[in-house]
$ cat my_file-v1.tsv   # TSV, C-alpha atoms and all ligand atoms
chain	number	residue	atom	x	y	z
A	30	MET	CA	-13.87	-26.97	-14.62
A	31	ALA	CA	-10.55	-25.99	-13.04
A	32	THR	CA	-10.58	-23.18	-10.48
A	33	PRO	CA	-9.48	-19.94	-12.11
A	34	LYS	CA	-6.10	-18.86	-10.74
A	35	LEU	CA	-7.64	-15.62	-9.47
A	36	PHE	CA	-9.72	-17.68	-7.05
A	37	ALA	CA	-7.01	-20.10	-5.96
A	38	PRO	CA	-5.72	-19.54	-2.42
A	39	LEU	CA	-2.24	-18.22	-1.68
A	40	SER	CA	-0.21	-18.86	1.47
A	41	LEU	CA	2.48	-16.56	2.84
A	42	ARG	CA	4.15	-17.83	6.02
A	43	ASP	CA	1.27	-19.32	8.06
A	44	THR	CA	-1.45	-17.16	6.56
A	45	THR	CA	-3.67	-18.36	3.74
A	46	PHE	CA	-5.49	-15.82	1.60
A	47	ARG	CA	-8.69	-17.31	0.18
A	48	ASN	CA	-8.12	-15.86	-3.27
A	49	ARG	CA	-5.77	-13.60	-5.24
A	50	LEU	CA	-8.06	-10.65	-5.86
A	51	TRP	CA	-7.11	-8.09	-3.25
A	52	VAL	CA	-8.19	-4.58	-2.33
A	53	SER	CA	-5.48	-1.98	-2.84
A	54	PRO	CA	-4.83	0.54	-0.07
A	55	MET	CA	-6.86	3.70	-0.66
A	56	CYS	CA	-6.70	6.79	1.54
A	57	GLN	CA	-10.16	7.75	2.72
A	58	TYR	CA	-9.35	11.07	4.42
A	59	ALA	CA	-12.18	10.18	6.78
A	60	CYS	CA	-10.64	11.07	10.16
A	61	ASP	CA	-12.77	14.17	10.57
A	62	ALA	CA	-11.38	14.91	14.03
A	63	GLU	CA	-7.85	14.95	12.55
A	64	ASP	CA	-6.63	12.61	15.27
A	65	GLY	CA	-5.85	9.59	13.09
A	66	ARG	CA	-8.57	7.50	14.71
A	67	ALA	CA	-10.82	5.18	12.69
A	68	THR	CA	-14.34	6.48	12.16
A	69	ASP	CA	-17.70	4.96	11.23
A	70	TRP	CA	-16.78	5.43	7.57
A	71	HIS	CA	-13.84	3.02	7.91
A	72	LEU	CA	-16.06	0.51	9.72
A	73	VAL	CA	-18.56	0.50	6.87
A	74	HIS	CA	-16.13	0.84	3.98
A	75	TYR	CA	-13.52	-1.87	4.59
A	76	PRO	CA	-15.75	-4.78	5.67
A	77	GLY	CA	-17.86	-4.13	2.56
A	78	PHE	CA	-15.06	-5.50	0.39
A	79	ALA	CA	-14.77	-8.61	2.55
A	80	ARG	CA	-18.51	-9.12	2.17
A	81	GLY	CA	-17.92	-8.75	-1.57
A	82	GLY	CA	-15.47	-11.66	-1.63
A	83	ALA	CA	-12.00	-10.07	-1.47
A	84	GLY	CA	-9.11	-12.33	-0.52
A	85	LEU	CA	-7.36	-9.52	1.35
A	86	VAL	CA	-8.35	-5.99	2.25
A	87	ILE	CA	-5.38	-3.66	2.65
A	88	VAL	CA	-6.31	-0.69	4.80
A	89	GLU	CA	-5.13	2.67	3.50
A	90	ALA	CA	-1.80	4.43	4.13
A	91	THR	CA	-1.78	4.74	7.92
A	92	ALA	CA	0.71	7.15	9.37
A	93	VAL	CA	3.46	5.88	11.65
A	94	THR	CA	4.12	9.42	12.95
A	95	PRO	CA	1.83	12.49	12.97
A	96	GLU	CA	4.11	14.40	10.58
A	97	GLY	CA	4.10	11.35	8.29
A	98	ARG	CA	0.44	11.97	7.39
A	99	ILE	CA	-0.35	13.01	3.84
A	100	SER	CA	-3.18	15.15	5.21
A	101	PRO	CA	-4.61	15.87	8.66
A	102	ARG	CA	-7.46	13.47	7.90
A	103	ASP	CA	-5.25	10.38	7.42
A	104	LEU	CA	-5.58	7.28	9.55
A	105	GLY	CA	-2.85	6.97	12.16
A	106	ILE	CA	-1.07	4.24	14.06
A	107	TRP	CA	1.46	6.35	15.93
A	108	SER	CA	-0.10	5.81	19.36
A	109	ASP	CA	-1.65	3.01	21.38
A	110	GLY	CA	-4.87	4.99	21.30
A	111	HIS	CA	-5.26	4.05	17.62
A	112	VAL	CA	-5.29	0.30	18.23
A	113	GLU	CA	-8.89	-0.13	19.33
A	114	GLY	CA	-10.46	1.55	16.29
A	115	LEU	CA	-8.17	-0.36	13.92
A	116	SER	CA	-8.97	-3.62	15.69
A	117	ARG	CA	-12.65	-3.12	14.89
A	118	ILE	CA	-11.82	-2.79	11.19
A	119	ALA	CA	-9.64	-5.91	11.28
A	120	SER	CA	-12.16	-8.00	13.15
A	121	LEU	CA	-15.09	-7.01	10.90
A	122	VAL	CA	-13.06	-7.77	7.76
A	123	LYS	CA	-11.90	-11.12	9.10
A	124	GLY	CA	-15.39	-11.99	10.33
A	125	LEU	CA	-16.51	-11.79	6.71
A	126	GLY	CA	-13.89	-14.26	5.51
A	127	ALA	CA	-11.22	-12.01	4.05
A	128	ALA	CA	-7.78	-11.41	5.50
A	129	ALA	CA	-6.92	-7.92	6.74
A	130	ALA	CA	-3.70	-6.00	6.19
A	131	ILE	CA	-2.73	-2.42	6.86
A	132	GLN	CA	-0.35	-0.18	4.96
A	133	LEU	CA	2.20	1.51	7.24
A	134	ALA	CA	3.20	4.85	5.83
A	135	HIS	CA	5.27	7.98	6.20
A	136	ALA	CA	4.58	10.64	3.57
A	137	GLY	CA	8.02	12.31	3.78
A	138	ARG	CA	8.22	15.42	1.60
A	139	LYS	CA	4.66	14.85	0.33
A	140	ALA	CA	3.16	15.28	3.81
A	141	SER	CA	0.95	18.17	4.92
A	142	THR	CA	-1.30	18.41	1.86
A	143	PRO	CA	-5.06	18.93	1.75
A	144	PRO	CA	-7.15	15.75	1.66
A	145	MET	CA	-7.78	14.67	-1.92
A	146	LEU	CA	-11.54	15.05	-1.67
A	147	PRO	CA	-14.08	17.19	-3.51
A	148	GLY	CA	-14.33	20.53	-1.77
A	149	PHE	CA	-10.63	20.58	-0.90
A	150	GLU	CA	-7.92	21.77	-3.25
A	151	ARG	CA	-7.66	18.40	-4.97
A	152	GLY	CA	-5.00	17.27	-2.53
A	153	ARG	CA	-2.11	19.04	-4.24
A	154	GLY	CA	0.61	21.22	-2.77
A	155	SER	CA	1.68	21.88	0.78
A	156	VAL	CA	-0.52	23.38	3.45
A	157	PRO	CA	1.57	26.05	5.22
A	158	GLU	CA	2.10	25.89	8.98
A	159	SER	CA	0.04	29.08	9.31
A	160	ASP	CA	-2.93	27.13	7.88
A	161	GLY	CA	-2.61	24.09	10.14
A	162	GLY	CA	0.04	22.30	8.08
A	163	TRP	CA	3.46	21.20	9.26
A	164	ARG	CA	7.03	21.13	7.97
A	165	ALA	CA	7.64	17.96	6.00
A	166	VAL	CA	10.81	15.89	6.38
A	167	ALA	CA	12.75	14.02	3.69
A	168	PRO	CA	16.11	12.41	2.89
A	169	SER	CA	17.28	15.71	1.37
A	170	ALA	CA	16.05	19.29	1.20
A	171	LEU	CA	14.64	18.75	-2.31
A	172	ALA	CA	11.03	19.67	-2.98
A	173	PHE	CA	8.51	17.58	-4.93
A	174	GLY	CA	7.41	19.90	-7.76
A	175	ASP	CA	6.06	23.11	-6.29
A	176	TYR	CA	5.53	21.66	-2.81
A	177	ASP	CA	7.39	23.32	0.06
A	178	THR	CA	11.04	22.36	0.50
A	179	PRO	CA	11.26	19.69	3.21
A	180	ARG	CA	13.70	19.58	6.10
A	181	GLU	CA	16.51	17.06	5.62
A	182	LEU	CA	16.40	14.33	8.25
A	183	ALA	CA	19.58	14.08	10.31
A	184	ALA	CA	21.22	10.65	10.48
A	185	GLU	CA	20.47	10.58	14.22
A	186	GLU	CA	16.74	10.80	13.45
A	187	LEU	CA	16.65	7.72	11.23
A	188	PRO	CA	16.57	5.09	13.99
A	189	GLY	CA	13.45	6.91	15.21
A	190	ILE	CA	11.84	6.48	11.78
A	191	VAL	CA	12.69	2.76	11.74
A	192	ASN	CA	11.34	2.44	15.25
A	193	ALA	CA	8.10	4.22	14.28
A	194	PHE	CA	7.48	1.60	11.56
A	195	VAL	CA	8.42	-1.30	13.85
A	196	THR	CA	6.20	-0.04	16.67
A	197	ALA	CA	3.39	0.55	14.19
A	198	ALA	CA	3.69	-3.07	13.01
A	199	GLU	CA	3.49	-4.21	16.62
A	200	ARG	CA	0.27	-2.18	17.04
A	201	ALA	CA	-1.09	-3.62	13.79
A	202	VAL	CA	-0.52	-7.14	15.13
A	203	ARG	CA	-2.19	-6.17	18.39
A	204	ALA	CA	-5.13	-4.82	16.40
A	205	GLY	CA	-5.49	-8.24	14.77
A	206	PHE	CA	-4.20	-7.58	11.26
A	207	ASP	CA	-2.96	-10.65	9.37
A	208	ALA	CA	-0.25	-8.78	7.47
A	209	VAL	CA	1.42	-5.39	7.18
A	210	GLU	CA	2.45	-3.54	4.05
A	211	VAL	CA	5.40	-1.15	4.27
A	212	HIS	CA	4.70	1.79	1.96
A	213	ALA	CA	7.87	2.40	-0.04
A	214	ALA	CA	6.14	3.76	-3.16
A	215	HIS	CA	4.49	6.85	-4.65
A	216	GLY	CA	7.12	9.39	-3.68
A	217	TYR	CA	6.65	8.98	0.06
A	218	LEU	CA	9.47	8.79	2.57
A	219	LEU	CA	10.91	5.31	1.92
A	220	HIS	CA	10.63	5.74	-1.85
A	221	GLU	CA	12.30	9.15	-1.47
A	222	PHE	CA	15.25	7.39	0.14
A	223	LEU	CA	15.35	4.76	-2.62
A	224	SER	CA	15.28	7.21	-5.50
A	225	PRO	CA	18.25	9.29	-6.66
A	226	LEU	CA	15.73	11.98	-7.67
A	227	SER	CA	15.02	12.74	-4.00
A	228	ASN	CA	18.02	11.34	-2.14
A	229	ALA	CA	21.22	13.38	-2.41
A	230	ARG	CA	22.59	12.30	0.97
A	231	GLU	CA	26.29	11.75	1.37
A	232	ASP	CA	26.02	9.53	4.45
A	233	GLU	CA	25.42	5.77	4.52
A	234	TYR	CA	21.70	6.27	3.72
A	235	GLY	CA	22.43	7.79	0.32
A	236	GLY	CA	24.76	7.29	-2.61
A	237	ASP	CA	24.54	3.97	-4.42
A	238	LEU	CA	21.48	1.70	-4.51
A	239	ALA	CA	22.67	-0.19	-1.43
A	240	GLY	CA	22.90	3.06	0.53
A	241	ARG	CA	19.55	4.33	-0.67
A	242	ALA	CA	17.91	0.99	0.17
A	243	ARG	CA	19.35	0.93	3.69
A	244	LEU	CA	16.37	2.59	5.41
A	245	VAL	CA	13.62	0.41	3.94
A	246	ARG	CA	15.75	-2.67	4.62
A	247	GLU	CA	16.16	-1.67	8.27
A	248	VAL	CA	12.40	-1.23	8.53
A	249	VAL	CA	11.72	-4.69	7.10
A	250	ARG	CA	14.41	-6.32	9.22
A	251	GLY	CA	13.06	-4.61	12.33
A	252	ILE	CA	9.52	-5.81	11.71
A	253	ARG	CA	10.69	-9.32	10.84
A	254	ALA	CA	12.83	-9.60	13.98
A	255	ALA	CA	9.87	-8.68	16.18
A	256	HIS	CA	7.30	-10.84	14.33
A	257	PRO	CA	8.75	-14.05	12.89
A	258	ASP	CA	5.39	-15.26	11.52
A	259	LEU	CA	3.87	-12.03	10.25
A	260	PRO	CA	3.50	-11.72	6.46
A	261	VAL	CA	5.38	-8.53	5.55
A	262	PHE	CA	4.70	-6.86	2.21
A	263	VAL	CA	6.47	-3.91	0.64
A	264	ARG	CA	4.77	-1.63	-1.89
A	265	VAL	CA	7.32	-0.22	-4.32
A	266	SER	CA	7.31	2.24	-7.17
A	267	ALA	CA	9.27	0.00	-9.49
A	268	THR	CA	10.28	2.88	-11.74
A	269	ASP	CA	10.29	6.67	-11.49
A	270	TRP	CA	9.57	6.78	-15.25
A	271	VAL	CA	12.29	9.41	-15.85
A	272	ASP	CA	15.96	9.24	-16.78
A	273	GLY	CA	18.09	9.32	-13.67
A	274	GLY	CA	15.38	7.78	-11.51
A	275	ILE	CA	14.99	4.31	-10.12
A	276	THR	CA	14.41	1.54	-12.70
A	277	ALA	CA	12.57	-1.77	-12.59
A	278	HIS	CA	15.93	-3.55	-12.58
A	279	ASP	CA	17.03	-1.51	-9.54
A	280	THR	CA	13.77	-2.47	-7.89
A	281	ALA	CA	14.32	-6.15	-8.68
A	282	THR	CA	17.73	-5.88	-6.99
A	283	VAL	CA	16.19	-4.20	-3.94
A	284	SER	CA	13.46	-6.86	-3.84
A	285	GLY	CA	16.12	-9.56	-3.70
A	286	TRP	CA	17.66	-7.78	-0.70
A	287	LEU	CA	14.24	-7.37	0.93
A	288	ARG	CA	13.71	-11.07	0.50
A	289	GLU	CA	16.92	-11.69	2.50
A	290	ASP	CA	15.62	-9.24	5.10
A	291	GLY	CA	12.42	-11.23	5.57
A	292	ALA	CA	9.87	-9.60	3.27
A	293	ASP	CA	7.30	-12.02	1.85
A	294	PHE	CA	5.63	-10.14	-0.96
A	295	ILE	CA	6.22	-7.14	-3.21
A	296	ASP	CA	3.27	-4.99	-4.29
A	297	VAL	CA	4.46	-3.45	-7.53
A	298	SER	CA	3.24	0.04	-8.32
A	299	SER	CA	5.20	2.86	-9.97
A	300	GLY	CA	5.86	6.58	-10.21
A	301	ALA	CA	4.77	9.60	-8.15
A	302	ASN	CA	8.20	10.78	-7.04
A	303	THR	CA	8.37	13.48	-9.70
A	304	PRO	CA	5.67	15.49	-11.45
A	305	ASP	CA	7.81	15.41	-14.61
A	306	ALA	CA	7.31	11.74	-15.48
A	307	GLN	CA	5.56	10.72	-18.69
A	308	ILE	CA	3.68	7.60	-17.59
A	309	PRO	CA	2.21	5.35	-20.29
A	310	VAL	CA	-1.01	4.73	-18.38
A	311	GLY	CA	-3.23	2.06	-19.91
A	312	PRO	CA	-4.80	-1.29	-19.11
A	313	ALA	CA	-2.59	-3.22	-16.64
A	314	TYR	CA	0.32	-0.93	-17.56
A	315	GLN	CA	2.30	-1.84	-14.45
A	316	ALA	CA	2.17	-5.61	-15.03
A	317	PRO	CA	5.44	-5.73	-17.03
A	318	LEU	CA	7.14	-4.08	-14.05
A	319	ALA	CA	5.71	-6.73	-11.74
A	320	ALA	CA	7.11	-9.42	-14.01
A	321	VAL	CA	10.62	-7.89	-13.81
A	322	VAL	CA	10.45	-7.64	-10.02
A	323	ARG	CA	9.03	-11.18	-9.74
A	324	ALA	CA	12.23	-12.54	-11.25
A	325	ALA	CA	13.96	-11.57	-7.98
A	326	GLY	CA	12.20	-14.48	-6.32
A	327	LEU	CA	9.42	-13.09	-4.14
A	328	PRO	CA	5.75	-13.39	-5.05
A	329	VAL	CA	4.40	-10.11	-6.42
A	330	GLY	CA	1.14	-8.31	-6.88
A	331	THR	CA	0.31	-6.17	-9.88
A	332	VAL	CA	-1.91	-3.12	-9.58
A	333	GLY	CA	-3.14	-0.39	-11.87
A	334	MET	CA	-5.95	-0.13	-14.42
A	335	ILE	CA	-7.10	-3.71	-13.97
A	336	THR	CA	-10.83	-3.59	-14.60
A	337	GLN	CA	-11.87	-6.89	-16.19
A	338	SER	CA	-12.08	-10.42	-14.82
A	339	TRP	CA	-10.45	-12.09	-17.84
A	340	GLN	CA	-7.68	-9.48	-17.82
A	341	ALA	CA	-6.94	-10.21	-14.16
A	342	GLU	CA	-6.96	-13.96	-14.77
A	343	THR	CA	-4.59	-13.61	-17.74
A	344	LEU	CA	-2.08	-11.63	-15.65
A	345	LEU	CA	-1.84	-14.67	-13.37
A	346	THR	CA	-1.91	-17.42	-15.99
A	347	THR	CA	0.88	-15.69	-17.92
A	348	GLU	CA	2.84	-15.55	-14.65
A	349	GLN	CA	3.38	-11.82	-14.68
A	350	ALA	CA	2.17	-11.72	-11.08
A	351	ASP	CA	0.93	-13.94	-8.27
A	352	VAL	CA	-1.85	-11.64	-7.09
A	353	VAL	CA	-4.05	-8.98	-8.68
A	354	ILE	CA	-4.56	-5.87	-6.57
A	355	VAL	CA	-7.38	-3.54	-7.56
A	356	ALA	CA	-8.30	-0.10	-6.30
A	357	ARG	CA	-10.89	1.95	-8.19
A	358	GLU	CA	-12.86	-0.97	-9.64
A	359	TRP	CA	-13.62	-2.03	-6.04
A	360	LEU	CA	-15.03	1.46	-5.42
A	361	ARG	CA	-17.29	1.02	-8.43
A	362	ASP	CA	-18.34	-2.49	-7.41
A	363	PRO	CA	-17.74	-3.45	-3.76
A	364	ASN	CA	-18.87	-6.97	-4.71
A	365	LEU	CA	-16.13	-7.21	-7.33
A	366	ALA	CA	-14.90	-10.66	-6.31
A	367	LEU	CA	-18.45	-12.05	-6.42
A	368	THR	CA	-18.97	-10.43	-9.82
A	369	TRP	CA	-15.69	-11.70	-11.27
A	370	ALA	CA	-16.07	-15.16	-9.73
A	371	GLY	CA	-19.38	-15.42	-11.58
A	372	GLU	CA	-17.82	-14.26	-14.85
A	373	LEU	CA	-14.90	-16.69	-14.54
A	374	ARG	CA	-17.18	-19.57	-13.47
A	375	ALA	CA	-15.41	-19.92	-10.13
A	376	ASP	CA	-17.20	-21.23	-7.05
A	377	VAL	CA	-19.07	-18.08	-6.03
A	378	ALA	CA	-20.72	-19.81	-3.07
A	379	ALA	CA	-17.29	-20.34	-1.51
A	380	ILE	CA	-16.88	-16.58	-1.00
A	381	ARG	CA	-20.48	-15.35	-0.91
A	382	PRO	CA	-21.94	-14.74	2.54
A	383	PRO	CA	-24.90	-17.15	2.84
A	384	GLN	CA	-27.22	-14.22	3.55
A	385	LEU	CA	-26.76	-13.13	-0.07
A	386	PHE	CA	-27.60	-16.46	-1.72
A	387	ARG	CA	-30.98	-15.33	-2.99
A	388	ALA	CA	-29.23	-12.82	-5.21
A	389	ILE	CA	-28.35	-15.68	-7.56
A	390	ARG	CA	-29.88	-15.14	-10.98
A	401	LIG	C1	-8.97	7.06	-3.58
A	401	LIG	C2	-7.59	6.49	-3.72
A	401	LIG	C3	-6.74	6.47	-2.64
A	401	LIG	C4	-5.47	5.89	-2.73
A	401	LIG	N1	-4.68	5.78	-1.61
A	401	LIG	C5	-3.57	5.00	-1.64
A	401	LIG	C6	-2.90	4.63	-0.45
A	401	LIG	O1	-3.34	4.93	0.67
A	401	LIG	N2	-1.76	3.90	-0.56
A	401	LIG	C7	-1.29	3.48	-1.78
A	401	LIG	O2	-0.25	2.82	-1.83
A	401	LIG	N3	-1.94	3.77	-2.91
A	401	LIG	C8	-3.08	4.49	-2.87
A	401	LIG	N4	-3.79	4.70	-4.02
A	401	LIG	C9	-3.36	4.04	-5.26
A	401	LIG	C10	-4.10	2.71	-5.42
A	401	LIG	O3	-3.81	1.83	-4.35
A	401	LIG	C11	-3.74	2.04	-6.74
A	401	LIG	O4	-2.38	1.72	-6.75
A	401	LIG	C12	-4.07	2.91	-7.96
A	401	LIG	O5	-5.35	3.53	-7.80
A	401	LIG	C13	-4.06	2.10	-9.25
A	401	LIG	O6	-5.00	1.05	-9.17
A	401	LIG	P1	-6.46	1.12	-9.91
A	401	LIG	O7	-6.21	1.46	-11.36
A	401	LIG	O8	-7.05	-0.25	-9.70
A	401	LIG	O9	-7.26	2.20	-9.24
A	401	LIG	C14	-5.04	5.34	-3.96
A	401	LIG	C15	-5.89	5.40	-5.06
A	401	LIG	C16	-7.16	5.94	-4.96
A	401	LIG	C17	-8.07	5.92	-6.16

$ encode --input "my_file-v1.tsv" --output "C-alpha cells"
Amino acid sequence: MATPKLFAPLSLRDTTFRNRLWVSPMCQYACDAEDGRATDWHLVHYPGFARGGAGLVIVEATAVTPEGRISPRDLGIWSDGHVEGLSRIASLVKGLGAAAAIQLAHAGRKASTPPMLPGFERGRGSVPESDGGWRAVAPSALAFGDYDTPRELAAEELPGIVNAFVTAAERAVRAGFDAVEVHAAHGYLLHEFLSPLSNAREDEYGGDLAGRARLVREVVRGIRAAHPDLPVFVRVSATDWVDGGITAHDTATVSGWLREDGADFIDVSSGANTPDAQIPVGPAYQAPLAAVVRAAGLPVGTVGMITQSWQAETLLTTEQADVVIVAREWLRDPNLALTWAGELRADVAAIRPPQLFRAIR
C-alpha cells in the first residue's frame, strides 16, 4: 500500500522532516521564575511529541525581547543565557527522531497579559505596570479591544526590533534548532504591522500593503542573510475576518514577497487582531486560506480544528496544504502520529521508538 501523504517526508533547504504531521507552537506559561528560561516542564513536554512520532515540534512563542512577552511566564530568547535551556529541548526532541523548530515572537500591543492558565484571569487584558506588567509597544497607539493603549514605536526603534529577531534566530541555531518560525500572526507585533486595523503609520512602515509588510520582510531577509541554510517559516494570520482588515489575497501577495526574501514555508493561521471578528470556526476551517496562500508558490501548513487522521490526509491529497499542523489534539494524545499512522496504515515502526514495540495490539 502506498505511504499516506501525511507520513511522506518533506525537505526544506537541507533539512528533511520525517513526516508532515507537525506540532503547532503552544505557549506553556511554564517559566515560573519569570526569567524566560526553559524549565523541567518544557523538557518533559516537547520531547513527548517527538516520542509520539511528530515530524517537527515547534516550540512555543518565544520572546525576542522582554517586553515582547505575552505574559511574564513566556519562554525567552532575548539573551545568551537562554541558549542552554533551549538547547536541551532541541537535543531531546532531535534525539527522538523529530526535527525541532522554535517560534520567534514579539507580542506587540498584546503583551503584558496574565498567563492563560487556570487560576489566572484567563489570559485576557493588560496587566498594569503597578501589578508587574509593562507598557506594550505597537505600530500605532491603537489598543486591541479593551487592552491598554500601546506606545507607538518610533521609526528609529524598528532596526532594533529587526535585530532582536535576527539575534534570536542566531541563538536558536546555536541551541541546535533545525528551523525557526517568525510569528507574524494572531495580532502580535508583526501582524499588527501587516494589518490596516492596527497600523496607521504614515512613514515607510505603514500605508499600503508593501509598507505594512516592510518590517516582517526585513526580519526574514535579516535571518536569511545570516543563515543561508536555515529553514525559515513565517506564521501568518491570513485574514483578519473583518471588513477593512487583511485578506487571504493580501497574504498571498505578502507570501510571494517573503519567498523572494528567503522564507521557505508559510504556516497559515488566521484572526486574533480584533475582538470584533466573526470567525466561522469548524473542522479544518483555515484550510481554504492555506490553499489561497499556497498559490503564491511556497509550501504551506494548515492548522486549526484538525482532529482526525483521514481529515488530515485529505487536506494533503487535495493539495490544500503541504503539511498538517496540529495543536490541541496533540495535547489530548501526545502519541498522535503513532495513533494516526496506525489508522492510515502507514509504517508505524518507522516512527515508533523501539522501546514501545510491545504496545502493538
Ligand atoms: C495552549 C495553546 C497555546 C498556544 N500558543 C500559541 C503560540 O505560542 N503560538 C502560536 O502561533 N499559536 C499558539 N496557539 C494556537 C495554536 O498553535 C493553533 O494555531 C490553534 O490552537 C489551532 O489549532 P488546533 O485546533 O489544532 O488546536 C496556542 C494554542 C493553544 C491551545

$ closest_residue --input "my_file-v1.tsv" --among "A:Ser141, A:Ser224, A:Thr346, A:Ser108" --to "Asp279 in chain A" --atoms "all atoms listed in the file"
A:Ser224

$ closest_residue --input "my_file-v1.tsv" --among "A:Thr343, A:Gln57, A:Thr196, A:Gln384" --to "Asp109 in chain A" --atoms "all atoms listed in the file"
A:Thr196

$ residues_near_ligand --input "my_file-v1.tsv" --ligand "ligand LIG 401 (chain A)" --cutoff "10 Å" --atoms "only C-alpha atoms and all ligand atoms" --output "MDAnalysis selection string"
chainID A and resid 52:58 87:92 99 103:104 131:134 145:146 210:215 217 263:266 296:299 310:315 331:336 353:360

$ closest_residue --input "my_file-v1.tsv" --among "A:Asp362, A:Ala130, A:Ser227, A:Arg42" --to "Arg253 in chain A" --atoms "only C-alpha atoms"
A:Arg42

$ closest_atom_pairs --input "my_file-v1.tsv" --of "range 280-360 of chain A" --to "range 155-177 of chain A" --cutoff "12 Å" --atoms "all atoms listed in the file" --output "tab-separated table"
residue	atom	partner	partner_atom	distance
A:Ala301	CA	A:Phe173	CA	9.4
A:Asn302	CA	A:Phe173	CA	7.1
A:Thr303	CA	A:Phe173	CA	6.3
A:Pro304	CA	A:Gly174	CA	6.0
A:Asp305	CA	A:Gly174	CA	8.2
A:Ala306	CA	A:Gly174	CA	11.2
